[in-house]
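Visitor: Take this structure first; my questions come after.
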Amino acid sequence: GKTCRPRLWTTMQKRSLSFLWLTLATAHAAHAQQFVSPSERRALEGSSYTHYPLGRASARVQTLHDGLPGGAWIAAHAYRRDAVGTRGHVAGLSCELQVTLSIAPHAAASASPSFAANRGSHAVVVLPRQVISIPATARPSLDPAPIFEVVVPYMTPYHVPPSGGTLCVDVEVFGNTTNAGADQNVSIYLDAHQQFADGRARQRGFRLRQGCPAPGSAALCYANVDVWSLPSGGSEIDVSIRNGVGGAAATAARGFLLLGNHLGTRAWPLRTDCPFHSSAEVWFALPGSMTASGAYDGTLALPSLPPGLRLWCQAGSVALSSVAMSFSDAVTLVTPRLGPLPRPCMRIANGVDVAAATGAVSASVPVMAFF
């Protein structure tokens with residue numbers, strides 16, 4: 001699990017942080033979906049991705065969703081493309097599906113490995129067994145994907161009882177047709193979210209643009225940046241740098257991280273091929289040193305960051321003796337709030353046999369919308 005490590009803070013750093021948090025943009029466009037689950041992911045990218053259920057050739061996958069509004073009519077559910085896990089084009093396919101909706105007899109946190117135990121009252125086969133088309137998707141220009149474009153339409157709309165309850169979505173996959181042939185397991189990169197038992201929340205960074213190489217290298221520097229909101233009240237930023245300035249005992253190199261409130265456009269004065277991708281209101285020296293190969297993996301502990309702040313980040317490295325530098329690509333993310341407890345969504349999945357009676361229970365769930 002994640003742990004907080006104490007850091008020393010200067011007065012200037014604290015003041016700079018306070019200014020940054022007050023000026024960061026926090027607005028997010030409202031989505032038009034009737035209901036999104038997990039609800040806190042409506043305007044936030046999930047912390048993971050999944051190929052279940054639509055990327056499997058034979059599978060049964062249930063998802064349980066607490067808090068569905070009573071009296072609602074549901075005519076379809078949908079998934080959205082993961083924005084972080086892969087770049088470029090993901091091919092479409094055709095899936096042979098059946099979907100049954102019901103109100104589970106228990107909350108999501110009490111999900112059973114038994115599929116029959118989770119399917120409750122008011123069960124309706126909203127999509128009888130048939131083939132539907134899953135569109136090809138492209139990586140969005142910013143996280144999260146602006147629409148839930150992978151839609152599973154129902155032939156029979158589902159009416160949620162007036163008392164509401166925990167919705168059980170039971171998806172059975174009988175086969176598929178893909179570019180690789182019939183009945184293949186494929187990677188389709190649907191947005192998903194891992195819910196932790198203590199409420200901690202992870203937000204992955206969305207990479208864009210490109211970095212510049214370390215002196216003497218042709219490999220572009222890049223970074224992965226994730227932020228954690230912790231139940232202890234603090235925040236942590238995990239930073240991984242690759243193709244940076246290498247360090248050794250005689251020529252130490254350090255990594256650094258820039259945080260800003262908007263995307264930058266300036267060049268580093270000493271190297272015009274190294275742009276600032278962050279407005280860089282705050283610079284942090286990262287704990288530890290770069291490896292000889294120019295890699296870094298570490299964690300920066302911070303005070304609690306208010307949720308909903310769009311950060312524009314950039315990592316880099318510098319040789320302490322020669323001041324040789326490299327900068328990574330841009331990374332942007334939105335600071336998350338702690339996850340709700342008890343966990344309001346669960347997945348029960350058997351990814352190899354549609355006729356199975358049981359599946360594995362997981363708190364890593366696809367981000368779904370219901371129309």
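Each chain of the structure tokens is named A, B, ... in the order shown, its residues numbered from 1; ligands are numbered from 1 in display order.
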So that each row is one residue of range 195-294 of chain A with an atom at most 6 Å from range 317-324 of chain A, can you give its shortest atom pair and the distance in Å to one decimal, using only C-alpha atoms, rows by chain and rising number, as JSON lines?
Guide:
{"residue": "A:Gly244", "atom": "CA", "partner": "A:Ser317", "partner_atom": "CA", "distance": 5.8}
{"residue": "A:Val245", "atom": "CA", "partner": "A:Ser317", "partner_atom": "CA", "distance": 5.7}
{"residue": "A:Ala252", "atom": "CA", "partner": "A:Leu320", "partner_atom": "CA", "distance": 5.9}
{"residue": "A:Ala253", "atom": "CA", "partner": "A:Ala319", "partner_atom": "CA", "distance": 4.1}
{"residue": "A:Arg254", "atom": "CA", "partner": "A:Ser317", "partner_atom": "CA", "distance": 5.5}
{"residue": "A:Gly255", "atom": "CA", "partner": "A:Ser317", "partner_atom": "CA", "distance": 4.2}
{"residue": "A:Phe256", "atom": "CA", "partner": "A:Ser317", "partner_atom": "CA", "distance": 5.9}
Visitor: So the first atom is CA of Pro342 in chain A and the second is CA of His106 in chain A; what is the distance between them in Å, to one decimal place?
Guide: 12.7 Å
Visitor: So that I can check the secondary structure, give me every residue of range 215-258 of chain A assigned strand (DSSP E) by backbone DSSP, as a PyMOL selection string.
Guide: chain A and resi 222-229+235-242+253-258
Visitor: Which neighbours of range 47-52 of chain A fall inside 8 Å, counting only C-alpha atoms, when residues of the same chain fewer than 3 positions from it are skipped, and could you give them as number ranges by chain?
Guide: A: 55-56, 61, 82, 85, 186-194, 202-204, 351, 364, 366
Visitor: Write the selection just made, keeping all heavy atoms, as a short mmCIF file (atom, residue, chain, number, x, y, z; two decimals), in the first residue's frame?
Guide:
data_model
loop_
_atom_site.label_atom_id
_atom_site.label_comp_id
_atom_site.auth_asym_id
_atom_site.auth_seq_id
_atom_site.Cartn_x
_atom_site.Cartn_y
_atom_site.Cartn_z
N GLY A 55 -14.04 -7.52 -24.93
CA GLY A 55 -12.86 -8.03 -25.60
C GLY A 55 -12.65 -9.52 -25.45
O GLY A 55 -11.64 -10.06 -25.90
N ARG A 56 -13.59 -10.21 -24.81
CA ARG A 56 -13.46 -11.65 -24.59
C ARG A 56 -14.30 -12.44 -25.59
O ARG A 56 -15.36 -11.97 -26.03
CB ARG A 56 -13.89 -12.02 -23.17
CG ARG A 56 -13.21 -11.22 -22.09
CD ARG A 56 -11.71 -11.37 -22.11
NE ARG A 56 -11.30 -12.75 -21.77
CZ ARG A 56 -10.02 -13.14 -21.72
NH1 ARG A 56 -9.05 -12.30 -22.03
NH2 ARG A 56 -9.73 -14.38 -21.38
N VAL A 61 -19.87 -11.58 -17.36
CA VAL A 61 -19.40 -10.49 -16.49
C VAL A 61 -20.61 -9.76 -15.92
O VAL A 61 -21.45 -9.25 -16.67
CB VAL A 61 -18.50 -9.50 -17.26
CG1 VAL A 61 -18.07 -8.36 -16.34
CG2 VAL A 61 -17.28 -10.21 -17.84
N ASP A 82 -10.43 4.07 -23.05
CA ASP A 82 -9.37 4.47 -22.14
C ASP A 82 -8.47 5.49 -22.83
O ASP A 82 -8.12 5.32 -24.02
CB ASP A 82 -8.55 3.24 -21.74
CG ASP A 82 -7.33 3.61 -20.94
OD1 ASP A 82 -7.47 3.88 -19.74
OD2 ASP A 82 -6.22 3.64 -21.52
N GLY A 85 -3.97 4.25 -21.29
CA GLY A 85 -3.27 2.98 -21.38
C GLY A 85 -2.63 2.70 -22.72
O GLY A 85 -1.65 1.95 -22.81
N VAL A 186 -9.34 -10.11 -27.52
CA VAL A 186 -8.66 -8.94 -28.09
C VAL A 186 -8.58 -7.83 -27.05
O VAL A 186 -9.32 -7.81 -26.06
CB VAL A 186 -9.39 -8.43 -29.35
CG1 VAL A 186 -9.30 -9.45 -30.47
CG2 VAL A 186 -10.85 -8.10 -29.04
N SER A 187 -7.67 -6.90 -27.30
CA SER A 187 -7.47 -5.75 -26.41
C SER A 187 -8.25 -4.57 -26.96
O SER A 187 -7.96 -4.09 -28.05
CB SER A 187 -5.98 -5.40 -26.32
OG SER A 187 -5.24 -6.48 -25.80
N ILE A 188 -9.26 -4.10 -26.19
CA ILE A 188 -10.08 -3.00 -26.68
C ILE A 188 -9.99 -1.76 -25.79
O ILE A 188 -10.55 -0.73 -26.11
CB ILE A 188 -11.55 -3.41 -26.86
CG1 ILE A 188 -12.15 -3.88 -25.53
CG2 ILE A 188 -11.68 -4.49 -27.91
CD1 ILE A 188 -13.64 -4.10 -25.63
N TYR A 189 -9.27 -1.82 -24.68
CA TYR A 189 -8.94 -0.67 -23.86
C TYR A 189 -10.15 0.19 -23.50
O TYR A 189 -10.33 1.32 -23.97
CB TYR A 189 -7.87 0.19 -24.55
CG TYR A 189 -6.53 -0.53 -24.61
CD1 TYR A 189 -6.15 -1.23 -25.76
CD2 TYR A 189 -5.67 -0.52 -23.52
CE1 TYR A 189 -4.93 -1.90 -25.81
CE2 TYR A 189 -4.46 -1.19 -23.57
CZ TYR A 189 -4.09 -1.87 -24.72
OH TYR A 189 -2.89 -2.54 -24.76
N LEU A 190 -10.99 -0.37 -22.64
CA LEU A 190 -12.09 0.38 -22.06
C LEU A 190 -11.64 1.02 -20.76
O LEU A 190 -10.89 0.41 -19.98
CB LEU A 190 -13.28 -0.54 -21.80
CG LEU A 190 -13.82 -1.31 -23.01
CD1 LEU A 190 -14.92 -2.26 -22.58
CD2 LEU A 190 -14.31 -0.36 -24.09
N ASP A 191 -12.10 2.22 -20.49
CA ASP A 191 -11.74 2.90 -19.25
C ASP A 191 -12.29 2.12 -18.05
O ASP A 191 -13.42 1.63 -18.07
CB ASP A 191 -12.33 4.32 -19.26
CG ASP A 191 -11.80 5.19 -18.12
OD1 ASP A 191 -10.72 4.88 -17.59
OD2 ASP A 191 -12.47 6.17 -17.78
N ALA A 192 -11.47 2.00 -17.01
CA ALA A 192 -11.86 1.27 -15.80
C ALA A 192 -11.28 1.98 -14.59
O ALA A 192 -10.39 2.84 -14.71
CB ALA A 192 -11.37 -0.18 -15.86
N HIS A 193 -11.77 1.59 -13.42
CA HIS A 193 -11.31 2.26 -12.20
C HIS A 193 -11.15 1.26 -11.07
O HIS A 193 -12.04 0.45 -10.81
CB HIS A 193 -12.30 3.35 -11.78
CG HIS A 193 -11.83 4.17 -10.62
ND1 HIS A 193 -10.66 4.90 -10.65
CD2 HIS A 193 -12.37 4.37 -9.38
CE1 HIS A 193 -10.50 5.52 -9.49
NE2 HIS A 193 -11.51 5.20 -8.70
N GLN A 194 -9.98 1.33 -10.41
CA GLN A 194 -9.71 0.50 -9.24
C GLN A 194 -10.14 1.23 -7.98
O GLN A 194 -9.67 2.34 -7.70
CB GLN A 194 -8.21 0.18 -9.16
CG GLN A 194 -7.80 -0.57 -7.89
CD GLN A 194 -8.35 -1.97 -7.83
OE1 GLN A 194 -8.18 -2.75 -8.77
NE2 GLN A 194 -9.02 -2.31 -6.76
N ARG A 202 -6.28 6.92 -7.02
CA ARG A 202 -5.16 7.14 -7.94
C ARG A 202 -5.65 7.78 -9.21
O ARG A 202 -6.68 7.40 -9.76
CB ARG A 202 -4.48 5.80 -8.26
CG ARG A 202 -3.39 5.88 -9.30
CD ARG A 202 -2.99 4.49 -9.76
NE ARG A 202 -1.98 4.53 -10.80
CZ ARG A 202 -1.85 3.62 -11.76
NH1 ARG A 202 -2.69 2.60 -11.80
NH2 ARG A 202 -0.91 3.72 -12.67
N GLN A 203 -4.92 8.78 -9.67
CA GLN A 203 -5.23 9.42 -10.95
C GLN A 203 -4.02 9.31 -11.87
O GLN A 203 -2.94 9.79 -11.55
CB GLN A 203 -5.60 10.89 -10.75
CG GLN A 203 -6.26 11.53 -11.96
CD GLN A 203 -7.63 10.93 -12.24
OE1 GLN A 203 -8.35 10.55 -11.33
NE2 GLN A 203 -7.99 10.84 -13.51
N ARG A 204 -4.22 8.66 -13.01
CA ARG A 204 -3.13 8.51 -13.97
C ARG A 204 -2.97 9.77 -14.80
O ARG A 204 -3.92 10.48 -15.11
CB ARG A 204 -3.41 7.33 -14.91
CG ARG A 204 -3.52 5.98 -14.22
CD ARG A 204 -3.87 4.89 -15.23
NE ARG A 204 -5.18 5.13 -15.85
CZ ARG A 204 -5.57 4.57 -17.00
NH1 ARG A 204 -4.76 3.78 -17.65
NH2 ARG A 204 -6.78 4.82 -17.47
N GLY A 351 -13.81 -14.91 -17.50
CA GLY A 351 -13.41 -14.47 -18.83
C GLY A 351 -13.13 -15.57 -19.82
O GLY A 351 -12.62 -15.29 -20.91
N SER A 364 -12.07 -3.59 -9.31
CA SER A 364 -11.67 -2.89 -10.51
C SER A 364 -12.79 -3.03 -11.52
O SER A 364 -13.07 -4.12 -12.01
CB SER A 364 -10.37 -3.47 -11.07
OG SER A 364 -9.95 -2.75 -12.23
N PRO A 366 -15.31 -1.48 -14.90
CA PRO A 366 -15.39 -0.57 -16.05
C PRO A 366 -16.18 0.67 -15.70
O PRO A 366 -17.15 0.61 -14.94
CB PRO A 366 -16.10 -1.42 -17.11
CG PRO A 366 -16.88 -2.43 -16.34
CD PRO A 366 -16.08 -2.72 -15.11
#
Visitor: Which residue, A:Ala107, A:Val152, A:Cys313, A:Leu142, has the smallest gap to Val227 in chain A when you use only C-alpha atoms?
Guide: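 Closest to Val227 in chain A, using only C-alpha atoms: A:Cys313.
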Visitor: Excluding Leu338 in chain A and any residue of its chain fewer than 4 positions from it, enumerate the residues within 8 Å of it, using only C-alpha atoms, and give them as an NGL selection string.
Guide: :A and (199-201 or 229-231)
